[in-house]
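S.K.: My structure file work_37.cif, mmCIF, C-alpha atoms, is below:
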data_target
loop_
_atom_site.group_PDB
_atom_site.id
_atom_site.type_symbol
_atom_site.label_atom_id
_atom_site.label_comp_id
_atom_site.auth_asym_id
_atom_site.auth_seq_id
_atom_site.Cartn_x
_atom_site.Cartn_y
_atom_site.Cartn_z
ATOM 1 C CA MET A 280 -67.662 155.416 -26.149
ATOM 2 C CA ASN A 281 -68.288 154.251 -22.576
ATOM 3 C CA ASP A 282 -71.426 155.155 -20.638
ATOM 4 C CA ASP A 283 -70.266 157.540 -17.910
ATOM 5 C CA LEU A 284 -72.904 158.020 -15.203
ATOM 6 C CA ARG A 285 -71.738 161.642 -14.883
ATOM 7 C CA CYS A 286 -72.948 162.511 -18.399
ATOM 8 C CA CYS A 287 -75.341 165.481 -18.445
ATOM 9 C CA GLY A 288 -77.690 163.649 -20.783
ATOM 10 C CA THR A 289 -76.434 164.821 -24.160
ATOM 11 C CA GLY A 290 -74.441 161.645 -24.757
ATOM 12 C CA THR A 291 -71.457 163.749 -25.809
ATOM 13 C CA CYS A 292 -69.706 164.253 -22.471
ATOM 14 C CA ILE A 293 -65.955 163.706 -22.389
ATOM 15 C CA ILE A 294 -65.001 163.905 -18.715
ATOM 16 C CA ASN A 295 -61.391 163.905 -17.512
ATOM 17 C CA ALA A 296 -59.994 162.522 -14.236
ATOM 18 C CA GLU A 297 -60.703 165.850 -12.440
ATOM 19 C CA GLY A 298 -64.388 165.656 -13.375
ATOM 20 C CA LEU A 299 -64.191 168.427 -16.001
ATOM 21 C CA CYS A 300 -66.171 167.997 -19.211
ATOM 22 C CA TRP A 301 -65.215 169.534 -22.555
ATOM 23 C CA CYS A 302 -68.382 171.682 -22.359
ATOM 24 C CA GLY A 303 -67.196 173.451 -19.195
ATOM 25 C CA GLN A 304 -69.322 171.604 -16.646
ATOM 26 C CA GLN A 305 -67.749 169.874 -13.654
ATOM 27 C CA TRP A 306 -68.816 166.922 -11.521
ATOM 28 C CA ASP A 307 -69.616 168.224 -8.011
ATOM 29 C CA GLY A 308 -69.969 164.774 -6.454
ATOM 30 C CA GLU A 309 -73.689 164.530 -7.211
ATOM 31 C CA LYS A 310 -74.298 166.137 -10.606
ATOM 32 C CA MET A 311 -72.704 167.989 -13.505
ATOM 33 C CA CYS A 312 -72.858 171.786 -13.124
ATOM 34 C CA PHE A 313 -71.009 174.885 -14.240
ATOM 35 C CA PRO A 314 -68.350 175.862 -11.670
ATOM 36 C CA GLU A 315 -68.332 179.407 -10.311
ATOM 37 C CA ALA A 316 -65.900 181.547 -12.250
ATOM 38 C CA ALA A 317 -62.688 182.409 -10.453
ATOM 39 C CA GLY A 318 -62.353 186.181 -10.340
ATOM 40 C CA SER A 319 -66.012 186.787 -11.069
ATOM 41 C CA LEU A 320 -66.902 190.206 -12.463
ATOM 42 C CA ALA A 321 -69.608 190.717 -9.829
ATOM 43 C CA PRO A 322 -68.298 192.911 -7.001
ATOM 44 C CA LYS A 323 -68.165 191.521 -3.500
ATOM 45 C CA PRO A 324 -70.307 193.402 -0.916
ATOM 46 C CA ALA A 325 -67.237 194.985 0.760
ATOM 47 C CA GLN A 326 -65.903 196.202 -2.590
ATOM 48 C CA GLU A 327 -69.321 197.545 -3.574
ATOM 49 C CA ALA A 328 -69.706 199.539 -0.328
ATOM 50 C CA ALA A 329 -66.187 200.958 -0.641
ATOM 51 C CA SER A 330 -66.825 202.065 -4.236
ATOM 52 C CA GLN A 331 -69.975 203.986 -3.169
ATOM 53 C CA ALA A 332 -68.351 205.803 -0.237
ATOM 54 C CA PRO A 333 -67.841 209.558 -0.813
ATOM 55 C CA GLU A 334 -64.250 210.638 -1.223
ATOM 56 C CA GLY A 335 -62.911 213.560 0.789
ATOM 57 C CA ASP A 336 -66.241 215.161 1.770
ATOM 58 C CA ALA A 337 -65.200 216.083 5.324
#
In structure tokens, write the structure found in this file.

M.R.:
Amino acid sequence: MNDDLRCCGTGTCIINAEGLCWCGQQWDGEKMCFPEAAGSLAPKPAQEAASQAPEGDA
């Protein structure tokens, strides 16, 4: 096993050419971190405001 400087410290990192480790972390150019999930479940502010607007109360 080679000593990759991107290893998170566990000694078990297997990092591919794109900087992705088997554990789900990704090299961001400075450190290993968990990437933000695409299609996060948290609503965006515009979606949240639209979902709280009253419907047809005019």

S.K.: As an exercise, work out the distance from CA of Asp282 in chain A to CA of Ala316 in chain A in Å and give it to one decimal place.

M.R.: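 Distance between the two atoms: 28.2 Å.
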
S.K.: Name the residues in contact with range 287-290 of chain A at a cut-off of 12 Å, using all atoms listed in the file, excluding same-chain residues fewer than 5 positions from it; report them as a ChimeraX atom specification.

M.R.: /A:280-282,299-306,309-313

S.K.: Edge lengths and centre in Å to one decimal, as lines of an AutoDock Vina configuration file, of the axis-aligned box that encloses all listed atoms of range 301-311 of chain A with 3 Å added on every side?

M.R.:
center_x = -69.8
center_y = 169.0
center_z = -14.5
size_x = 15.1
size_y = 14.9
size_z = 22.1

S.K.: Start from the incomplete input, build N, CA and C atoms for range 295-320 of chain A, and deliver everything as a PDB file, keeping the file's coordinate frame.

M.R.:
ATOM      1  N   ASN A 295     -62.747 164.303 -17.899  1.00  0.00           N
ATOM      2  CA  ASN A 295     -61.391 163.905 -17.512  1.00  0.00           C
ATOM      3  C   ASN A 295     -61.352 163.423 -16.064  1.00  0.00           C
ATOM      4  N   ALA A 296     -60.165 163.071 -15.584  1.00  0.00           N
ATOM      5  CA  ALA A 296     -59.994 162.522 -14.236  1.00  0.00           C
ATOM      6  C   ALA A 296     -60.397 163.511 -13.146  1.00  0.00           C
ATOM      7  N   GLU A 297     -60.317 164.827 -13.419  1.00  0.00           N
ATOM      8  CA  GLU A 297     -60.703 165.850 -12.440  1.00  0.00           C
ATOM      9  C   GLU A 297     -62.202 166.127 -12.435  1.00  0.00           C
ATOM     10  N   GLY A 298     -62.946 165.457 -13.313  1.00  0.00           N
ATOM     11  CA  GLY A 298     -64.388 165.656 -13.375  1.00  0.00           C
ATOM     12  C   GLY A 298     -64.805 166.798 -14.276  1.00  0.00           C
ATOM     13  N   LEU A 299     -63.877 167.334 -15.083  1.00  0.00           N
ATOM     14  CA  LEU A 299     -64.191 168.427 -16.001  1.00  0.00           C
ATOM     15  C   LEU A 299     -64.593 167.873 -17.363  1.00  0.00           C
ATOM     16  N   CYS A 300     -65.701 168.392 -17.887  1.00  0.00           N
ATOM     17  CA  CYS A 300     -66.171 167.997 -19.211  1.00  0.00           C
ATOM     18  C   CYS A 300     -65.688 169.022 -20.246  1.00  0.00           C
ATOM     19  N   TRP A 301     -65.636 168.630 -21.487  1.00  0.00           N
ATOM     20  CA  TRP A 301     -65.215 169.534 -22.555  1.00  0.00           C
ATOM     21  C   TRP A 301     -66.148 170.731 -22.673  1.00  0.00           C
ATOM     22  N   CYS A 302     -67.407 170.591 -22.222  1.00  0.00           N
ATOM     23  CA  CYS A 302     -68.382 171.682 -22.359  1.00  0.00           C
ATOM     24  C   CYS A 302     -68.255 172.733 -21.256  1.00  0.00           C
ATOM     25  N   GLY A 303     -67.397 172.478 -20.253  1.00  0.00           N
ATOM     26  CA  GLY A 303     -67.196 173.451 -19.195  1.00  0.00           C
ATOM     27  C   GLY A 303     -67.853 173.076 -17.882  1.00  0.00           C
ATOM     28  N   GLN A 304     -68.693 172.034 -17.891  1.00  0.00           N
ATOM     29  CA  GLN A 304     -69.322 171.604 -16.646  1.00  0.00           C
ATOM     30  C   GLN A 304     -68.338 170.762 -15.838  1.00  0.00           C
ATOM     31  N   GLN A 305     -68.605 170.643 -14.540  1.00  0.00           N
ATOM     32  CA  GLN A 305     -67.749 169.874 -13.654  1.00  0.00           C
ATOM     33  C   GLN A 305     -68.601 169.016 -12.729  1.00  0.00           C
ATOM     34  N   TRP A 306     -68.122 167.821 -12.438  1.00  0.00           N
ATOM     35  CA  TRP A 306     -68.816 166.922 -11.521  1.00  0.00           C
ATOM     36  C   TRP A 306     -68.617 167.442 -10.108  1.00  0.00           C
ATOM     37  N   ASP A 307     -69.719 167.692  -9.375  1.00  0.00           N
ATOM     38  CA  ASP A 307     -69.616 168.224  -8.011  1.00  0.00           C
ATOM     39  C   ASP A 307     -69.785 167.136  -6.953  1.00  0.00           C
ATOM     40  N   GLY A 308     -69.794 165.889  -7.366  1.00  0.00           N
ATOM     41  CA  GLY A 308     -69.969 164.774  -6.454  1.00  0.00           C
ATOM     42  C   GLY A 308     -71.364 164.190  -6.532  1.00  0.00           C
ATOM     43  N   GLU A 309     -72.309 164.981  -7.064  1.00  0.00           N
ATOM     44  CA  GLU A 309     -73.689 164.530  -7.211  1.00  0.00           C
ATOM     45  C   GLU A 309     -74.215 164.727  -8.631  1.00  0.00           C
ATOM     46  N   LYS A 310     -73.778 165.806  -9.281  1.00  0.00           N
ATOM     47  CA  LYS A 310     -74.298 166.137 -10.606  1.00  0.00           C
ATOM     48  C   LYS A 310     -73.280 166.978 -11.376  1.00  0.00           C
ATOM     49  N   MET A 311     -73.518 167.103 -12.672  1.00  0.00           N
ATOM     50  CA  MET A 311     -72.704 167.989 -13.505  1.00  0.00           C
ATOM     51  C   MET A 311     -73.280 169.396 -13.387  1.00  0.00           C
ATOM     52  N   CYS A 312     -72.409 170.398 -13.212  1.00  0.00           N
ATOM     53  CA  CYS A 312     -72.858 171.786 -13.124  1.00  0.00           C
ATOM     54  C   CYS A 312     -71.715 172.683 -13.574  1.00  0.00           C
ATOM     55  N   PHE A 313     -72.036 173.927 -13.852  1.00  0.00           N
ATOM     56  CA  PHE A 313     -71.009 174.885 -14.240  1.00  0.00           C
ATOM     57  C   PHE A 313     -70.362 175.438 -12.980  1.00  0.00           C
ATOM     58  N   PRO A 314     -69.030 175.341 -12.859  1.00  0.00           N
ATOM     59  CA  PRO A 314     -68.350 175.862 -11.670  1.00  0.00           C
ATOM     60  C   PRO A 314     -68.415 177.377 -11.640  1.00  0.00           C
ATOM     61  N   GLU A 315     -68.359 177.956 -10.435  1.00  0.00           N
ATOM     62  CA  GLU A 315     -68.332 179.407 -10.311  1.00  0.00           C
ATOM     63  C   GLU A 315     -67.011 179.908 -10.885  1.00  0.00           C
ATOM     64  N   ALA A 316     -67.089 180.994 -11.609  1.00  0.00           N
ATOM     65  CA  ALA A 316     -65.900 181.547 -12.250  1.00  0.00           C
ATOM     66  C   ALA A 316     -64.961 182.132 -11.206  1.00  0.00           C
ATOM     67  N   ALA A 317     -63.693 181.805 -11.327  1.00  0.00           N
ATOM     68  CA  ALA A 317     -62.688 182.409 -10.453  1.00  0.00           C
ATOM     69  C   ALA A 317     -62.490 183.845 -10.911  1.00  0.00           C
ATOM     70  N   GLY A 318     -62.504 184.777  -9.971  1.00  0.00           N
ATOM     71  CA  GLY A 318     -62.353 186.181 -10.340  1.00  0.00           C
ATOM     72  C   GLY A 318     -63.600 186.711 -11.022  1.00  0.00           C
ATOM     73  N   SER A 319     -64.740 186.361 -10.502  1.00  0.00           N
ATOM     74  CA  SER A 319     -66.012 186.787 -11.069  1.00  0.00           C
ATOM     75  C   SER A 319     -66.055 188.308 -11.229  1.00  0.00           C
ATOM     76  N   LEU A 320     -66.792 188.772 -12.213  1.00  0.00           N
ATOM     77  CA  LEU A 320     -66.902 190.206 -12.463  1.00  0.00           C
ATOM     78  C   LEU A 320     -67.839 190.896 -11.480  1.00  0.00           C
TER      79      LEU A 320
END
